[in-house]
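Colleague: Have a look at this one before I ask anything.
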Amino acid sequence: MINDMPQSGWIEVICGSMFSGKTEELIRRVKRATIAKQKVILFKPQLDQRYDGKKIVSHDDNRLEAVSVAEPKDMISLSEGFDVIGIDEAQFFPPSIVSVCETLASQGKRVVVSGLDQDYLGKPFGSMPELLAIAEYITKNLAICMACGSPANKSQRLSATQEQVLLGGHDRYEARCRNCFRTQAQQRSPREEYTGLQHTNSVAIKTSTPRG
Ligand SMILES: [Zn+2]
């Protein structure tokens with residue numbers, strides 16, 4: 001902080017689909033803080049080993065040093081003496097990420113969190129809903145649908161795997177708009193996903209979906 005007066009911290013969340021520029025935006029914000037001589041530390045989840053084991057790498061190859069942590073609570077001691085805390089890929093952290101962000105903000109720190117708000121099924125991802133709820137500032141980035149060019153907020157998985165966590169870039173995902181996004185069940189049968197909701201539809205459609 002630039003003076004000794006106790007200052008209130010806050011939480012900023014940058015969310016969106018893959019290829020929406022979330023990490024790029026996180027990097028942009030923390031770089032601005034660095035220019036203002038604020039002390040910045042960046043964290044990312046240990047499981048994310050894409051491209052580079054040590055640095056935060058956005059899909060446009062804009063790099064910044066980051067510390068890999070497995071347990072969110074470790075960020076509290078590691079953040080001592082820092083003004084701005086950047087956290088990338090927050091959806092991959094366990095639920096304790098929420099209380100850790102609260103703790104850091106209440107210590108007067110600016111906490112900038114980036115993460116996917118929806119998983120490959122279009123469902124809320126990890127602790128992102130809670131982080132969005134407690135944040136002072138929210139930015140939702142949109143990508144461009146790779147199928148039709150509309151604004152996109154979904155991450156279309158291109159392979160048939162069904163784990164929620166499947167790391168990858170352009171080889172495994174595309175940004176898609178609401179109309180072009182298909183869950184795997186919809187790819188097999190366009191009506192399968194909706195049978196539970198359409199009570200007036202008497203047509204019997206098999207709903208079982210194998211889960212990995
Ligand atoms: Zn589209």
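Order determines the names: the first chain of the structure tokens is A, the second B, and so forth; residues in each chain are numbered 1 upward, and ligands are numbered 1 upward as they are shown.
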Sort by chain and increasing residue number a table of all residues of chain A within 7 Å of ligand 1, each with its closest pair of atoms and their distance in Å to one decimal, counting only C-alpha atoms and all ligand atoms, and write it as a tab-separated table.
Modeller:
```
residue	atom	partner	partner_atom_place_in_ligand_line	distance
A:Cys145	CA	ligand 1	1 (Zn)	4.7
A:Met146	CA	ligand 1	1 (Zn)	6.7
A:Ala147	CA	ligand 1	1 (Zn)	5.0
A:Cys148	CA	ligand 1	1 (Zn)	4.1
A:Gly149	CA	ligand 1	1 (Zn)	5.9
A:Ser150	CA	ligand 1	1 (Zn)	5.3
A:Ala152	CA	ligand 1	1 (Zn)	6.9
A:Arg176	CA	ligand 1	1 (Zn)	5.3
A:Cys177	CA	ligand 1	1 (Zn)	4.2
A:Arg178	CA	ligand 1	1 (Zn)	6.6
A:Asn179	CA	ligand 1	1 (Zn)	5.5
A:Cys180	CA	ligand 1	1 (Zn)	4.3
```
Colleague: May I have the residues within 9 Å of A:Val165 as a PyMOL selection string, using only C-alpha atoms and disregarding those fewer than 6 positions away in the same chain?
Modeller: chain A and resi 92+119-120
Colleague: For A:Gln107, find every residue with an atom within 8 Å (counting only C-alpha atoms), except residues of its own chain fewer than 2 positions away, and show them as a ChimeraX atom specification.
Modeller: /A:8-9,103-105,109
Colleague: If we count only C-alpha atoms, what is near A:Ile41 at a cut-off of 8 Å, once residues fewer than 4 positions away on the same chain are taken out, given as a CSV table (one decimal) with C-alpha atoms, in the first residue's frame?
Modeller:
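out-v7.csv, freshly written:
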```
chain,number,residue,atom,x,y,z
A,66,ALA,CA,3.2,-17.5,-10.8
A,67,VAL,CA,3.4,-19.7,-7.7
A,79,SER,CA,0.8,-13.3,0.4
A,82,PHE,CA,2.0,-8.2,-0.9
A,84,VAL,CA,-2.2,-7.4,-4.9
A,85,ILE,CA,-3.0,-11.1,-5.1
A,86,GLY,CA,-3.7,-12.6,-8.5
```
Colleague: Run DSSP on the backbone and grab whatever in stretch 25-166 of chain A lands in strand (DSSP E or B); send it over as a PyMOL selection string.
Modeller: chain A and resi 40-45+55-57+63-65+67-69+84-87+110-116+118+124+137-141+143-144+151-152+154-157
Colleague: Can you pull out every residue within 12 Å of A:Arg28, counting only C-alpha atoms, but drop anything in the same chain fewer than 4 positions away, and send it as a list of chain:residue names?
Modeller: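 The neighbour list is A:Ile14, A:Gly21, A:Lys22, A:Thr23, A:Glu24, A:Arg32, A:Ala33, A:Thr34, A:Ile35, A:Ser58, A:Asn62, A:Arg63, A:Leu64, A:Gly86, A:Val112, A:Ser114.
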Colleague: Hey, which of A:Gln118, A:Gln46, A:Gln7, A:Gln91 ends up closest to A:Ser155? Count only C-alpha atoms.
Modeller: A:Gln118
Colleague: Rounded to one decimal in Å, what is the spacing between atom CA of A:Leu78 and atom CA of A:Leu166?
Modeller: 27.8 Å
Colleague: What is the distance, in Å and to one decimal place, between atom CA of A:Phe93 and atom CA of A:Asp117?
Modeller: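 Computing it gives 12.9 Å between the two atoms.
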Colleague: For atom CA of A:Trp10 and atom CA of A:Cys101, quote the distance in Å rounded to one decimal.
Modeller: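 One can read the atom CA of A:Trp10 to atom CA of A:Cys101 distance as 8.9 Å.
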Colleague: Would you kindly return, as JSON, numbers by chain, each protein, DNA or RNA residue with an atom no farther than 9 Å from any atom of A:Met18, considering only C-alpha atoms and excluding same-chain residues fewer than 4 positions away?
Modeller: {"A": [22, 116, 142, 143, 153, 154, 155, 156, 169, 173, 174, 175]}
Colleague: When DSSP works through the backbone of this structure, what residues of stretch 12-156 of chain A end up as alpha helix (DSSP H), shown as a VMD selection string?
Modeller: chain A and resid 22 to 35 74 to 78 97 to 106 128 to 134
Colleague: So that I can check the surroundings of A:Thr139, please list as a PDB file with N, CA and C atoms, in the first residue's frame every protein, DNA and RNA residue that reaches within 8 Å of it, counting only C-alpha atoms and ignoring chain neighbours fewer than 6 positions away.
Modeller:
```
ATOM      1  N   GLU A  12     -11.939  -8.841  -6.948  1.00  0.00           N
ATOM      2  CA  GLU A  12     -12.382  -8.670  -8.339  1.00  0.00           C
ATOM      3  C   GLU A  12     -12.404 -10.050  -8.986  1.00  0.00           C
ATOM      4  N   VAL A  13     -13.477 -10.392  -9.647  1.00  0.00           N
ATOM      5  CA  VAL A  13     -13.530 -11.667 -10.359  1.00  0.00           C
ATOM      6  C   VAL A  13     -13.649 -11.407 -11.861  1.00  0.00           C
ATOM      7  N   ILE A  14     -12.779 -12.054 -12.614  1.00  0.00           N
ATOM      8  CA  ILE A  14     -12.843 -12.018 -14.080  1.00  0.00           C
ATOM      9  C   ILE A  14     -13.280 -13.415 -14.515  1.00  0.00           C
ATOM     10  N   CYS A  15     -14.449 -13.534 -15.100  1.00  0.00           N
ATOM     11  CA  CYS A  15     -14.923 -14.858 -15.491  1.00  0.00           C
ATOM     12  C   CYS A  15     -15.284 -14.874 -16.972  1.00  0.00           C
TER      13      CYS A  15
END
```
